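Q: Take a look at the following structure, please.
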Amino acid sequence: MSLPAGFPVERIHAMYRRMLLMRAFDEHAGWARREDRLRGSVHEYTGQEAIAAGVCAALGERDYISSYHRGHGHCIAKGADPVAMMLEIYGKAGGVCGGKGGSMHVADFSLGILGANGVVADGVTIAVGAAQAVRLLDEDRIVVAFFGDGALNRGPMLEALNWAKVYDLPVLFVCEDNGWSDRTPTRSVTGGPGIVARAEAFGIPADSIDGNDLLAVACSAGLLAAEVRAGQGPRFLHATTCRWRGHLALDRGLYRDPAELATHAEQDPIGRTRAWLLAQGIAPAVLDGDAAEAAERIAAAAALAEAAPCPDASELCTDVQDTGAPSWQ
Amino acid sequence: MAVMTYAEAARLALRQEMQRDRRVWALGEDLGPEGGVAGQYLGLQSEFGRSRIVDTPISESTIMGSAIGAAICGTRPVVELRYADFGLCAADEIVNQAAKARYMLGGQVRVPVVVRQPIGFRDGMAAQHSQSTEAWWVHVPGLVVVAPATPADNHALLKAAIRSDDPVIYMEHKELWTRTGEVDPGAEPAVLGRAAVRRPGSDLTLVTWSGMLGDCLTAAEVAQTQGISIEVLDLRTLWPWDRDAVFASVTRTGRLLVAHQAVKAGGFGAEIAAEVAEHLFHALRCPPRRLGAPRTPVPHSRPLEALCRVTPAQVVAAARAMMTDH
């Protein structure tokens with residue numbers, strides 16, 4: 001881990017607090033799903049937090065992000081309210097999408113969060129389109145597309161890489177490479193030399209880093225985002241990481257190698273960042289306090305979500321369409 | 001009023017909307033010098049530039065996906081997919097993203113995108129370039145489905161589609177590209193969801209749309225010489241369809257015949273017939289009838305393709321049979 005000279009420790013500390021919030025949120029979400037306290041698919045981001053934290057730290061509020069099914073962490077990193085998100089994944093009134101979307105569709109347009117997405121790679125085509133709108137409207141924004149390594153084998157992903165390069169769009173592609181395409185090792189279903197080579201084949205400069213190293217993510221994302229912002233065209237960040245949990249919360253993980261799982265603790269981006277912050281002179285009590293605060297915020301959000309009412313039945317037919325709305329029938 | 005082709009009318013509409021609103025732009029394959037497969041974009045790239053009339057790679061998923069991203073971020077894209085058959089290459093983006101985004105994101109966002117995907121037979125283009133898939137899209141909540149039958153409508157309906165905040169599947173008919181008709185260049189956008197009575201009549205209501213309108217009008221003329229007065233209704237918009245207009249007409253005539261170029265089984269005629277049967281059963285003098293293509297892929301060979309077409313003679317025959325069916 002190393003930072004450019006003058007990089008404020010406090011910025012890393014702030015990212016660390018965001019990571020704690022992501023961890024606490026998804027540890028609760030996964031537990032709640034396994035306990036049948038909420039419904040639907042829940043894909044925990046646990047273990048991958050450094051990527052969202054480090055990348056979103058390079059963004060401003062006006063910048064857009066698109067995400068995928070494992071999307072809670074990206075929303076929290078971009079500043080979404082964990083209470084509104086918790087209400088959403090519980091399908092409750094007051095959820096950020098009114099309880100209609102759930103875990104795979106958390107979004108907050110007021111913060112430039114264009115949405116998690118239930119279809120692999122679809123958020124990436126949406127991201128390049130968002131960049132086209134930025135270009136057309138002559139706005140000062142960049143777009144980040146988060147996706148997993150599994151997405152690299154979907155056609156729209158490859159189309160979108162080509163597209164971004166052809167139109168030289170302000171997009172930073174961020175591949176969170178946890179090695180898994182759902183429950184299949186990505187390398188077992190991927191031809192050729194791999195992910196970075198695919199990006200480079202389209203003429204997009206790529207950087208490959210240890211995505212469990214928050215400082216590495218922050219440094220690389222900062223540089224790449226600055227290049228994108230300067231109008232140098234699309235960039236690609238390949239961040240290797242570990243998926244601690246199953247593909248989704250109800251995945252029993254029978255296919256996982258215990259030896260691989262055992263390596264996760266030492267890779268833990270939160271533990272590694274904590275060690276670095278301690279080495280910078282931050283007191284252990286301060287860091288313990290950060291963890292306690294994150295746990296309290298999530299516990300309070302969960303309690304609120306458990307007790308909250310569900311959406312009213314009248315919400316069923318709202319927001320479908322204006323012309324030819326269901327009530328028309 | 002000006003006389004122009006169906007393709008020129010659409011080009012005029014897009015040009016006017018692009019002049020009116022800088023957020024409107026179009027993307028698709030070969031829109032620039034060639035002006036699209038039917039010249040429906042001819043000259044627009046020279047007028048508006050390559051950033052607003054965008055020539056794209058052959059990447060339907062991303063043509064559609066990027067249009068959605070651009071639509072939710074403040075622009076109003078018009079997507080050209082060339083053939084409805086290629087709309088299927090973008091079906092995931094249309095169905096799973098465009099149609100649902102507003103609902104599943106709790107009303108945070110609209111997706112004001114127009115998806116042009118022309119339908120129908122033309123010149124023996126065979127099974128992958130001739131389908132009429134309008135009913136597929138009607139089945140998807142969130143979408144508006146438009147099928148203009150005349151140059152004037154291809155002008156006024158396209159304007160309406162571009163101004164719609166809902167995603168619109170806009171299905172022109174390939175055999176109509178070169179048909180001419182009177183267009184009022186200053187026409188206001190049409191109201192989506194309103195049918196037009198193209199020929200009044202008292203004995204039978206004939207509901208149709210798109211490329212079948214001409215044949216239905218021919219059939220109605222022939223039927224008139226045989227003493228059958230057919231009212232021809234052009235739906236213009238399939239979702240929402242003008243149930244009030246259809247019900248009002250069927251209430252007067254007591255007979256409903258629907259004719260479309262799409263495959264009959266599961267076609268949109270089935271929905272109209274079912275709604276009429278459910279709600280107007282006691283006003284009917286005979287069972288509703290439908291005419292559509294057989295459930296085969298569209299063949300290339302001329303006589304085989306012709307067998308898939310609903311002809312004016314078939315429409316007249318069906319009308320005659322209905323007049324004697326008590």
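Following the order of the structure tokens, first chain is A, next is B, and so on, with residues numbered from 1 inside each chain and ligands from 1 in the order they appear.
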Just the residues within 8 Å of Trp244 in chain A, please, counting only C-alpha atoms, with nothing from its chain fewer than 5 positions along; format it as a PyMOL selection string.
A: chain A and resi 46-47+261+264
Q: I need the chain A residues near chain B as an NGL selection string; criterion: at most 9 Å, counting only C-alpha atoms.
A: :A and (95-102 or 105-110 or 114-115 or 117-119 or 122-137 or 155-157 or 159-160 or 162-163 or 166 or 317-326 or 328)
Q: Mind writing the picked residues with N, CA and C atoms as a short mmCIF file (atom, residue, chain, number, x, y, z; two decimals), in the first residue's frame?
A:
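The resulting again-v2.cif:
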data_model
loop_
_atom_site.label_atom_id
_atom_site.label_comp_id
_atom_site.auth_asym_id
_atom_site.auth_seq_id
_atom_site.Cartn_x
_atom_site.Cartn_y
_atom_site.Cartn_z
N GLY A 95 -39.22 2.96 0.94
CA GLY A 95 -38.00 2.46 0.31
C GLY A 95 -37.59 3.39 -0.82
N VAL A 96 -36.31 3.36 -1.16
CA VAL A 96 -35.81 4.32 -2.15
C VAL A 96 -36.51 4.14 -3.50
N CYS A 97 -37.05 2.95 -3.75
CA CYS A 97 -37.85 2.73 -4.96
C CYS A 97 -39.30 2.38 -4.58
N GLY A 98 -39.72 2.83 -3.44
CA GLY A 98 -41.10 2.58 -3.02
C GLY A 98 -41.39 1.12 -2.71
N GLY A 99 -40.33 0.34 -2.53
CA GLY A 99 -40.53 -1.07 -2.24
C GLY A 99 -40.83 -1.91 -3.47
N LYS A 100 -40.82 -1.29 -4.63
CA LYS A 100 -41.18 -2.03 -5.85
C LYS A 100 -39.97 -2.70 -6.52
N GLY A 101 -38.79 -2.24 -6.17
CA GLY A 101 -37.61 -2.75 -6.85
C GLY A 101 -36.91 -3.85 -6.07
N GLY A 102 -36.68 -3.60 -4.80
CA GLY A 102 -35.96 -4.57 -3.99
C GLY A 102 -34.45 -4.48 -4.19
N HIS A 105 -32.61 -3.59 -7.49
CA HIS A 105 -32.95 -2.37 -8.21
C HIS A 105 -32.76 -1.12 -7.37
N VAL A 106 -31.93 -1.20 -6.33
CA VAL A 106 -31.69 0.01 -5.55
C VAL A 106 -31.06 1.07 -6.46
N ALA A 107 -31.55 2.28 -6.32
CA ALA A 107 -31.10 3.39 -7.17
C ALA A 107 -31.42 4.68 -6.45
N ASP A 108 -30.70 5.72 -6.75
CA ASP A 108 -31.08 7.04 -6.23
C ASP A 108 -30.60 8.08 -7.22
N PHE A 109 -31.54 8.50 -8.07
CA PHE A 109 -31.17 9.41 -9.15
C PHE A 109 -30.73 10.77 -8.64
N SER A 110 -31.15 11.13 -7.42
CA SER A 110 -30.74 12.42 -6.90
C SER A 110 -29.23 12.42 -6.59
N LEU A 114 -27.69 5.35 -11.04
CA LEU A 114 -28.64 4.96 -12.09
C LEU A 114 -29.22 3.57 -11.86
N GLY A 115 -28.80 2.93 -10.80
CA GLY A 115 -29.47 1.70 -10.44
C GLY A 115 -28.58 0.48 -10.46
N ASN A 117 -28.86 -3.58 -11.09
CA ASN A 117 -29.56 -4.15 -12.24
C ASN A 117 -29.59 -5.66 -12.14
N GLY A 118 -30.72 -6.23 -12.50
CA GLY A 118 -30.89 -7.68 -12.40
C GLY A 118 -30.40 -8.45 -13.60
N VAL A 119 -29.97 -7.74 -14.66
CA VAL A 119 -29.50 -8.43 -15.86
C VAL A 119 -28.02 -8.11 -16.05
N ASP A 122 -26.28 -5.28 -18.37
CA ASP A 122 -27.21 -4.26 -18.87
C ASP A 122 -26.90 -2.88 -18.29
N GLY A 123 -26.40 -2.83 -17.07
CA GLY A 123 -26.02 -1.55 -16.50
C GLY A 123 -24.87 -0.90 -17.25
N VAL A 124 -24.10 -1.73 -17.94
CA VAL A 124 -22.94 -1.19 -18.67
C VAL A 124 -23.40 -0.47 -19.94
N THR A 125 -24.36 -1.05 -20.65
CA THR A 125 -24.87 -0.35 -21.84
C THR A 125 -25.59 0.93 -21.41
N ILE A 126 -26.26 0.87 -20.28
CA ILE A 126 -26.92 2.08 -19.77
C ILE A 126 -25.86 3.14 -19.44
N ALA A 127 -24.75 2.72 -18.89
CA ALA A 127 -23.68 3.67 -18.52
C ALA A 127 -23.12 4.38 -19.75
N VAL A 128 -22.89 3.64 -20.82
CA VAL A 128 -22.33 4.32 -22.01
C VAL A 128 -23.36 5.29 -22.59
N GLY A 129 -24.64 4.93 -22.45
CA GLY A 129 -25.68 5.87 -22.90
C GLY A 129 -25.74 7.11 -22.03
N ALA A 130 -25.58 6.92 -20.73
CA ALA A 130 -25.54 8.08 -19.83
C ALA A 130 -24.40 9.00 -20.24
N ALA A 131 -23.27 8.40 -20.61
CA ALA A 131 -22.12 9.20 -21.05
C ALA A 131 -22.43 9.93 -22.34
N GLN A 132 -23.22 9.31 -23.20
CA GLN A 132 -23.63 9.98 -24.44
C GLN A 132 -24.51 11.19 -24.13
N ALA A 133 -25.38 11.04 -23.13
CA ALA A 133 -26.22 12.17 -22.73
C ALA A 133 -25.36 13.30 -22.16
N VAL A 134 -24.37 12.93 -21.37
CA VAL A 134 -23.46 13.93 -20.80
C VAL A 134 -22.79 14.72 -21.93
N ARG A 135 -22.36 13.98 -22.94
CA ARG A 135 -21.70 14.60 -24.09
C ARG A 135 -22.67 15.52 -24.84
N LEU A 136 -23.87 14.99 -25.08
CA LEU A 136 -24.86 15.73 -25.88
C LEU A 136 -25.31 17.00 -25.17
N LEU A 137 -25.45 16.91 -23.85
CA LEU A 137 -25.92 18.06 -23.08
C LEU A 137 -24.77 18.94 -22.62
N GLY A 155 -22.44 -10.51 -24.55
CA GLY A 155 -22.28 -9.69 -25.75
C GLY A 155 -22.42 -8.20 -25.52
N PRO A 156 -23.48 -7.77 -24.82
CA PRO A 156 -23.65 -6.32 -24.62
C PRO A 156 -22.46 -5.66 -23.93
N MET A 157 -21.77 -6.41 -23.07
CA MET A 157 -20.58 -5.86 -22.41
C MET A 157 -19.52 -5.52 -23.46
N GLU A 159 -20.00 -5.13 -26.67
CA GLU A 159 -20.53 -4.04 -27.51
C GLU A 159 -20.29 -2.69 -26.85
N ALA A 160 -20.53 -2.65 -25.54
CA ALA A 160 -20.43 -1.37 -24.83
C ALA A 160 -18.98 -0.87 -24.77
N ASN A 162 -16.69 -1.44 -27.03
CA ASN A 162 -16.45 -0.92 -28.37
C ASN A 162 -17.10 0.46 -28.54
N TRP A 163 -18.33 0.54 -28.09
CA TRP A 163 -19.14 1.76 -28.21
C TRP A 163 -18.44 2.94 -27.53
N VAL A 166 -15.46 3.94 -29.60
CA VAL A 166 -15.84 4.54 -30.89
C VAL A 166 -16.24 6.01 -30.71
N CYS A 317 -50.49 -0.02 -9.31
CA CYS A 317 -50.63 0.43 -10.71
C CYS A 317 -50.05 1.81 -10.96
N THR A 318 -49.33 2.38 -10.01
CA THR A 318 -48.72 3.69 -10.26
C THR A 318 -47.37 3.51 -10.95
N ASP A 319 -46.98 4.53 -11.69
CA ASP A 319 -45.66 4.58 -12.31
C ASP A 319 -45.40 3.47 -13.33
N VAL A 320 -46.46 2.94 -13.94
CA VAL A 320 -46.27 2.01 -15.05
C VAL A 320 -46.04 2.81 -16.32
N GLN A 321 -47.03 3.64 -16.67
CA GLN A 321 -46.90 4.51 -17.84
C GLN A 321 -48.03 5.53 -17.77
N ASP A 322 -47.82 6.66 -18.45
CA ASP A 322 -48.86 7.70 -18.47
C ASP A 322 -49.92 7.38 -19.52
N THR A 323 -49.44 7.05 -20.72
CA THR A 323 -50.36 6.75 -21.83
C THR A 323 -50.66 5.26 -21.78
N GLY A 324 -51.93 4.92 -21.56
CA GLY A 324 -52.27 3.50 -21.48
C GLY A 324 -51.93 2.89 -20.14
N ALA A 325 -52.06 3.68 -19.07
CA ALA A 325 -51.76 3.19 -17.72
C ALA A 325 -52.75 2.09 -17.34
N PRO A 326 -52.37 1.22 -16.39
CA PRO A 326 -53.25 0.11 -16.05
C PRO A 326 -54.64 0.56 -15.62
N TRP A 328 -56.38 2.66 -16.86
CA TRP A 328 -57.17 2.86 -18.07
C TRP A 328 -58.10 1.67 -18.30
#
Q: Which polymer residues have any atom within 8 Å of an atom of Ser130 in chain B, counting only C-alpha atoms, with same-chain residues fewer than 2 positions away left out, as a list in words?
A: Tyr83, Ala84, Asp85, Ile119, Gly120, Phe121, Arg122, Met125, Ala126, Ala127, Gln128, Ser132 and Val298 of chain B
Q: Contacts of His28 in chain A at 10 Å or less, counting only C-alpha atoms, minus same-chain residues fewer than 3 places along, as a list in words?
A: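 In the requested form, the answer reads Met22, Arg23, Ala24, Phe25, Trp31, Ala32, Arg33, Arg34, Glu44, Met86, Ala295, Ile298, Ala299 and Ala302 of chain A.
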Q: May I have the residues from that selection written out with N, CA and C atoms, as a CSV table (one decimal), in the first residue's frame?
A:
chain,number,residue,atom,x,y,z
A,22,MET,N,-21.0,-0.4,4.4
A,22,MET,CA,-21.4,-1.4,3.4
A,22,MET,C,-21.3,-2.8,4.0
A,23,ARG,N,-20.3,-3.1,4.8
A,23,ARG,CA,-20.2,-4.4,5.4
A,23,ARG,C,-21.3,-4.7,6.4
A,24,ALA,N,-21.6,-3.7,7.2
A,24,ALA,CA,-22.7,-3.9,8.2
A,24,ALA,C,-24.0,-4.1,7.4
A,25,PHE,N,-24.2,-3.3,6.4
A,25,PHE,CA,-25.5,-3.4,5.7
A,25,PHE,C,-25.7,-4.8,5.1
A,31,TRP,N,-28.1,-12.0,6.3
A,31,TRP,CA,-28.7,-12.7,7.5
A,31,TRP,C,-30.2,-12.7,7.4
A,32,ALA,N,-30.8,-11.5,7.1
A,32,ALA,CA,-32.2,-11.3,7.1
A,32,ALA,C,-32.8,-12.2,6.0
A,33,ARG,N,-32.1,-12.3,4.9
A,33,ARG,CA,-32.7,-13.1,3.8
A,33,ARG,C,-32.7,-14.6,4.2
A,34,ARG,N,-31.6,-15.1,4.8
A,34,ARG,CA,-31.5,-16.5,5.2
A,34,ARG,C,-32.5,-16.8,6.3
A,44,GLU,N,-24.7,-10.4,-1.5
A,44,GLU,CA,-23.9,-9.6,-0.6
A,44,GLU,C,-22.6,-9.2,-1.2
A,86,MET,N,-32.6,0.1,3.1
A,86,MET,CA,-33.0,-1.0,3.9
A,86,MET,C,-34.6,-1.2,3.8
A,295,ALA,N,-22.4,-0.2,12.9
A,295,ALA,CA,-23.3,-1.3,13.3
A,295,ALA,C,-24.6,-0.7,13.9
A,298,ILE,N,-26.9,0.6,11.0
A,298,ILE,CA,-27.5,-0.4,10.3
A,298,ILE,C,-28.6,-1.1,11.2
A,299,ALA,N,-28.2,-1.3,12.4
A,299,ALA,CA,-29.2,-1.9,13.3
A,299,ALA,C,-30.5,-1.1,13.4
A,302,ALA,N,-32.4,-1.4,10.2
A,302,ALA,CA,-33.1,-2.7,10.1
A,302,ALA,C,-34.3,-2.7,11.0
Q: Which one of B:Ala91, B:Gln131, B:Glu231, B:Ala277 sits closest to Cys308 in chain B if you count only C-alpha atoms?
A: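 Looking only at the distances to Cys308 in chain B, the closest residue turns out to be B:Gln131.
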Q: Extract the full set of strand (DSSP E) residues from range 140-290 of chain A according to DSSP on the backbone, and format it as a VMD selection string.
A: chain A and resid 143 to 148 171 to 177 180 to 181 184 to 185 206 to 210 235 to 240
Q: Would you kindly return, as a ChimeraX atom specification, each protein, DNA or RNA residue with an atom no farther than 10 Å from any atom of Ser208 in chain A, considering only C-alpha atoms and excluding same-chain residues fewer than 5 positions away?
A: /A:175,195-196,216-217,220,236-240
Q: Suppose we keep N, CA and C atoms; can you now write the selection as a PDB file, in the first residue's frame?
A:
ATOM      1  N   CYS A 175     -14.275  -3.320 -13.413  1.00  0.00           N
ATOM      2  CA  CYS A 175     -14.564  -4.749 -13.327  1.00  0.00           C
ATOM      3  C   CYS A 175     -14.157  -5.264 -11.961  1.00  0.00           C
ATOM      4  N   ILE A 195      -9.415 -10.638 -18.892  1.00  0.00           N
ATOM      5  CA  ILE A 195     -10.246  -9.449 -18.891  1.00  0.00           C
ATOM      6  C   ILE A 195      -9.511  -8.209 -19.407  1.00  0.00           C
ATOM      7  N   VAL A 196      -8.328  -7.983 -18.891  1.00  0.00           N
ATOM      8  CA  VAL A 196      -7.604  -6.759 -19.269  1.00  0.00           C
ATOM      9  C   VAL A 196      -7.301  -6.761 -20.761  1.00  0.00           C
ATOM     10  N   ALA A 216      -4.689   1.186  -3.148  1.00  0.00           N
ATOM     11  CA  ALA A 216      -4.431   0.930  -4.569  1.00  0.00           C
ATOM     12  C   ALA A 216      -5.638   1.319  -5.406  1.00  0.00           C
ATOM     13  N   VAL A 217      -6.827   0.972  -4.910  1.00  0.00           N
ATOM     14  CA  VAL A 217      -8.050   1.326  -5.653  1.00  0.00           C
ATOM     15  C   VAL A 217      -8.176   2.844  -5.733  1.00  0.00           C
ATOM     16  N   SER A 220      -5.531   4.307  -8.188  1.00  0.00           N
ATOM     17  CA  SER A 220      -5.770   3.993  -9.593  1.00  0.00           C
ATOM     18  C   SER A 220      -7.049   4.665 -10.088  1.00  0.00           C
ATOM     19  N   PHE A 236     -10.396   1.666 -18.149  1.00  0.00           N
ATOM     20  CA  PHE A 236     -10.863   0.391 -17.605  1.00  0.00           C
ATOM     21  C   PHE A 236     -10.045   0.056 -16.363  1.00  0.00           C
ATOM     22  N   LEU A 237     -10.738  -0.181 -15.271  1.00  0.00           N
ATOM     23  CA  LEU A 237     -10.069  -0.582 -14.026  1.00  0.00           C
ATOM     24  C   LEU A 237     -10.452  -2.025 -13.719  1.00  0.00           C
ATOM     25  N   HIS A 238      -9.439  -2.865 -13.649  1.00  0.00           N
ATOM     26  CA  HIS A 238      -9.656  -4.275 -13.313  1.00  0.00           C
ATOM     27  C   HIS A 238      -9.179  -4.491 -11.884  1.00  0.00           C
ATOM     28  N   ALA A 239     -10.114  -4.778 -11.002  1.00  0.00           N
ATOM     29  CA  ALA A 239      -9.788  -4.914  -9.583  1.00  0.00           C
ATOM     30  C   ALA A 239     -10.114  -6.329  -9.120  1.00  0.00           C
ATOM     31  N   THR A 240      -9.076  -7.083  -8.759  1.00  0.00           N
ATOM     32  CA  THR A 240      -9.329  -8.438  -8.261  1.00  0.00           C
ATOM     33  C   THR A 240      -9.795  -8.361  -6.813  1.00  0.00           C
TER      34      THR A 240
END
Q: Need to verify the contact set: Leu14 in chain B, 12 Å, only C-alpha atoms, exclusion of same-chain residues closer than 6 positions in sequence. Can you return it as number ranges by chain?
A: B: 7-8, 20-22, 24-26, 40-45, 47-48, 52-53, 76-80, 114, 116, 154-163, 185, 189
Q: Keeping only N, CA, C and O atoms, write the selected residues as a compact mmCIF listing (two decimals), in the first residue's frame.
A:
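For reference, result.txt as written:
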# COMPACT_ATOMS: atom_id res chain seq x y z
N ALA B 7 -42.28 7.83 -45.76
CA ALA B 7 -40.91 8.00 -45.24
C ALA B 7 -40.59 9.48 -45.06
O ALA B 7 -40.02 9.89 -44.04
N GLU B 8 -40.97 10.28 -46.04
CA GLU B 8 -40.70 11.73 -45.95
C GLU B 8 -41.47 12.36 -44.79
O GLU B 8 -40.98 13.29 -44.13
N ARG B 20 -37.04 21.71 -32.63
CA ARG B 20 -37.79 22.24 -31.50
C ARG B 20 -37.09 21.97 -30.17
O ARG B 20 -37.17 22.76 -29.24
N ASP B 21 -36.40 20.83 -30.08
CA ASP B 21 -35.88 20.37 -28.78
C ASP B 21 -34.49 19.79 -28.98
O ASP B 21 -34.33 18.75 -29.62
N ARG B 22 -33.49 20.44 -28.44
CA ARG B 22 -32.11 19.99 -28.67
C ARG B 22 -31.79 18.67 -27.96
O ARG B 22 -30.76 18.05 -28.20
N VAL B 24 -33.52 16.05 -28.39
CA VAL B 24 -33.92 14.96 -29.29
C VAL B 24 -32.76 14.60 -30.21
O VAL B 24 -32.14 15.49 -30.80
N TRP B 25 -32.46 13.32 -30.32
CA TRP B 25 -31.41 12.84 -31.22
C TRP B 25 -31.78 11.44 -31.68
O TRP B 25 -32.71 10.85 -31.15
N ALA B 26 -31.09 10.96 -32.69
CA ALA B 26 -31.40 9.64 -33.23
C ALA B 26 -30.13 8.83 -33.40
O ALA B 26 -29.06 9.38 -33.63
N GLN B 40 -35.55 7.58 -44.61
CA GLN B 40 -36.36 8.30 -43.62
C GLN B 40 -35.53 9.23 -42.74
O GLN B 40 -36.09 9.95 -41.92
N TYR B 41 -34.19 9.20 -42.93
CA TYR B 41 -33.30 10.12 -42.19
C TYR B 41 -32.49 10.99 -43.16
O TYR B 41 -31.57 11.70 -42.75
N LEU B 42 -32.83 10.92 -44.45
CA LEU B 42 -32.01 11.54 -45.48
C LEU B 42 -31.80 13.04 -45.20
O LEU B 42 -32.75 13.79 -44.99
N GLY B 43 -30.55 13.43 -45.19
CA GLY B 43 -30.23 14.85 -45.03
C GLY B 43 -30.17 15.32 -43.59
O GLY B 43 -29.69 16.43 -43.31
N LEU B 44 -30.63 14.53 -42.66
CA LEU B 44 -30.69 15.00 -41.27
C LEU B 44 -29.30 15.09 -40.64
O LEU B 44 -29.04 15.97 -39.83
N GLN B 45 -28.41 14.18 -41.05
CA GLN B 45 -27.06 14.25 -40.46
C GLN B 45 -26.33 15.51 -40.92
O GLN B 45 -25.62 16.14 -40.15
N GLU B 47 -27.74 18.27 -41.56
CA GLU B 47 -28.35 19.41 -40.87
C GLU B 47 -28.00 19.45 -39.38
O GLU B 47 -27.72 20.52 -38.84
N PHE B 48 -28.01 18.30 -38.73
CA PHE B 48 -27.88 18.30 -37.27
C PHE B 48 -26.53 17.77 -36.77
O PHE B 48 -26.26 17.83 -35.57
N ARG B 52 -25.91 14.18 -33.30
CA ARG B 52 -27.36 14.06 -33.07
C ARG B 52 -28.03 13.09 -34.04
O ARG B 52 -29.15 12.65 -33.79
N ILE B 53 -27.38 12.82 -35.16
CA ILE B 53 -27.84 11.71 -36.01
C ILE B 53 -26.64 10.76 -36.03
O ILE B 53 -25.70 10.93 -36.79
N ARG B 76 -33.70 12.68 -25.25
CA ARG B 76 -34.88 12.00 -25.81
C ARG B 76 -34.47 11.29 -27.10
O ARG B 76 -34.67 11.81 -28.20
N PRO B 77 -33.90 10.09 -26.97
CA PRO B 77 -33.38 9.41 -28.15
C PRO B 77 -34.48 8.76 -29.01
O PRO B 77 -35.48 8.28 -28.49
N VAL B 78 -34.22 8.76 -30.30
CA VAL B 78 -35.04 8.00 -31.25
C VAL B 78 -34.14 6.89 -31.78
O VAL B 78 -33.10 7.15 -32.39
N VAL B 79 -34.54 5.65 -31.50
CA VAL B 79 -33.73 4.50 -31.87
C VAL B 79 -34.24 3.93 -33.19
O VAL B 79 -35.43 3.71 -33.35
N GLU B 80 -33.33 3.71 -34.12
CA GLU B 80 -33.70 3.07 -35.38
C GLU B 80 -33.17 1.63 -35.37
O GLU B 80 -31.97 1.42 -35.31
N VAL B 114 -38.00 6.54 -28.20
CA VAL B 114 -38.82 6.00 -29.30
C VAL B 114 -38.02 4.90 -29.98
O VAL B 114 -36.86 5.11 -30.33
N ARG B 116 -37.96 2.71 -33.15
CA ARG B 116 -38.55 2.48 -34.47
C ARG B 116 -38.14 1.10 -34.96
O ARG B 116 -36.94 0.82 -35.10
N ASN B 154 -47.83 9.17 -39.96
CA ASN B 154 -46.41 8.94 -39.67
C ASN B 154 -45.74 10.26 -39.29
O ASN B 154 -44.67 10.24 -38.68
N HIS B 155 -46.36 11.33 -39.61
CA HIS B 155 -45.87 12.64 -39.18
C HIS B 155 -46.39 12.96 -37.78
O HIS B 155 -45.63 13.16 -36.84
N ALA B 156 -47.71 12.94 -37.63
CA ALA B 156 -48.30 13.39 -36.36
C ALA B 156 -48.08 12.38 -35.23
O ALA B 156 -47.91 12.77 -34.07
N LEU B 157 -48.06 11.10 -35.54
CA LEU B 157 -47.83 10.11 -34.49
C LEU B 157 -46.36 10.06 -34.07
O LEU B 157 -46.05 9.85 -32.89
N LEU B 158 -45.46 10.25 -35.03
CA LEU B 158 -44.04 10.24 -34.63
C LEU B 158 -43.73 11.44 -33.75
O LEU B 158 -42.99 11.33 -32.76
N LYS B 159 -44.32 12.58 -34.06
CA LYS B 159 -44.15 13.74 -33.18
C LYS B 159 -44.64 13.41 -31.77
O LYS B 159 -43.98 13.72 -30.77
N ALA B 160 -45.81 12.79 -31.71
CA ALA B 160 -46.37 12.44 -30.40
C ALA B 160 -45.47 11.45 -29.67
O ALA B 160 -45.26 11.55 -28.45
N ALA B 161 -44.94 10.50 -30.41
CA ALA B 161 -44.07 9.48 -29.79
C ALA B 161 -42.82 10.14 -29.22
O ALA B 161 -42.37 9.81 -28.12
N ILE B 162 -42.26 11.09 -29.95
CA ILE B 162 -41.03 11.76 -29.49
C ILE B 162 -41.32 12.61 -28.25
O ILE B 162 -40.48 12.71 -27.35
N ARG B 163 -42.51 13.16 -28.17
CA ARG B 163 -42.84 13.97 -26.99
C ARG B 163 -43.34 13.14 -25.81
O ARG B 163 -43.56 13.67 -24.72
N PRO B 185 -47.83 19.93 -42.70
CA PRO B 185 -46.54 20.04 -42.01
C PRO B 185 -46.65 20.74 -40.65
O PRO B 185 -45.82 20.53 -39.78
N PRO B 189 -48.92 17.22 -32.75
CA PRO B 189 -48.75 15.78 -32.50
C PRO B 189 -50.12 15.13 -32.32
O PRO B 189 -51.03 15.73 -31.75
Q: Residues at most 8 Å from Cys219 in chain A, counting only C-alpha atoms, excluding those fewer than 6 positions away in the same chain, as a CSV table (one decimal) with C-alpha atoms, in the first residue's frame?
A:
chain,number,residue,atom,x,y,z
A,3,LEU,CA,-0.3,6.7,-1.6
A,4,PRO,CA,0.9,9.7,-3.6
A,54,GLY,CA,-12.1,3.8,-3.6
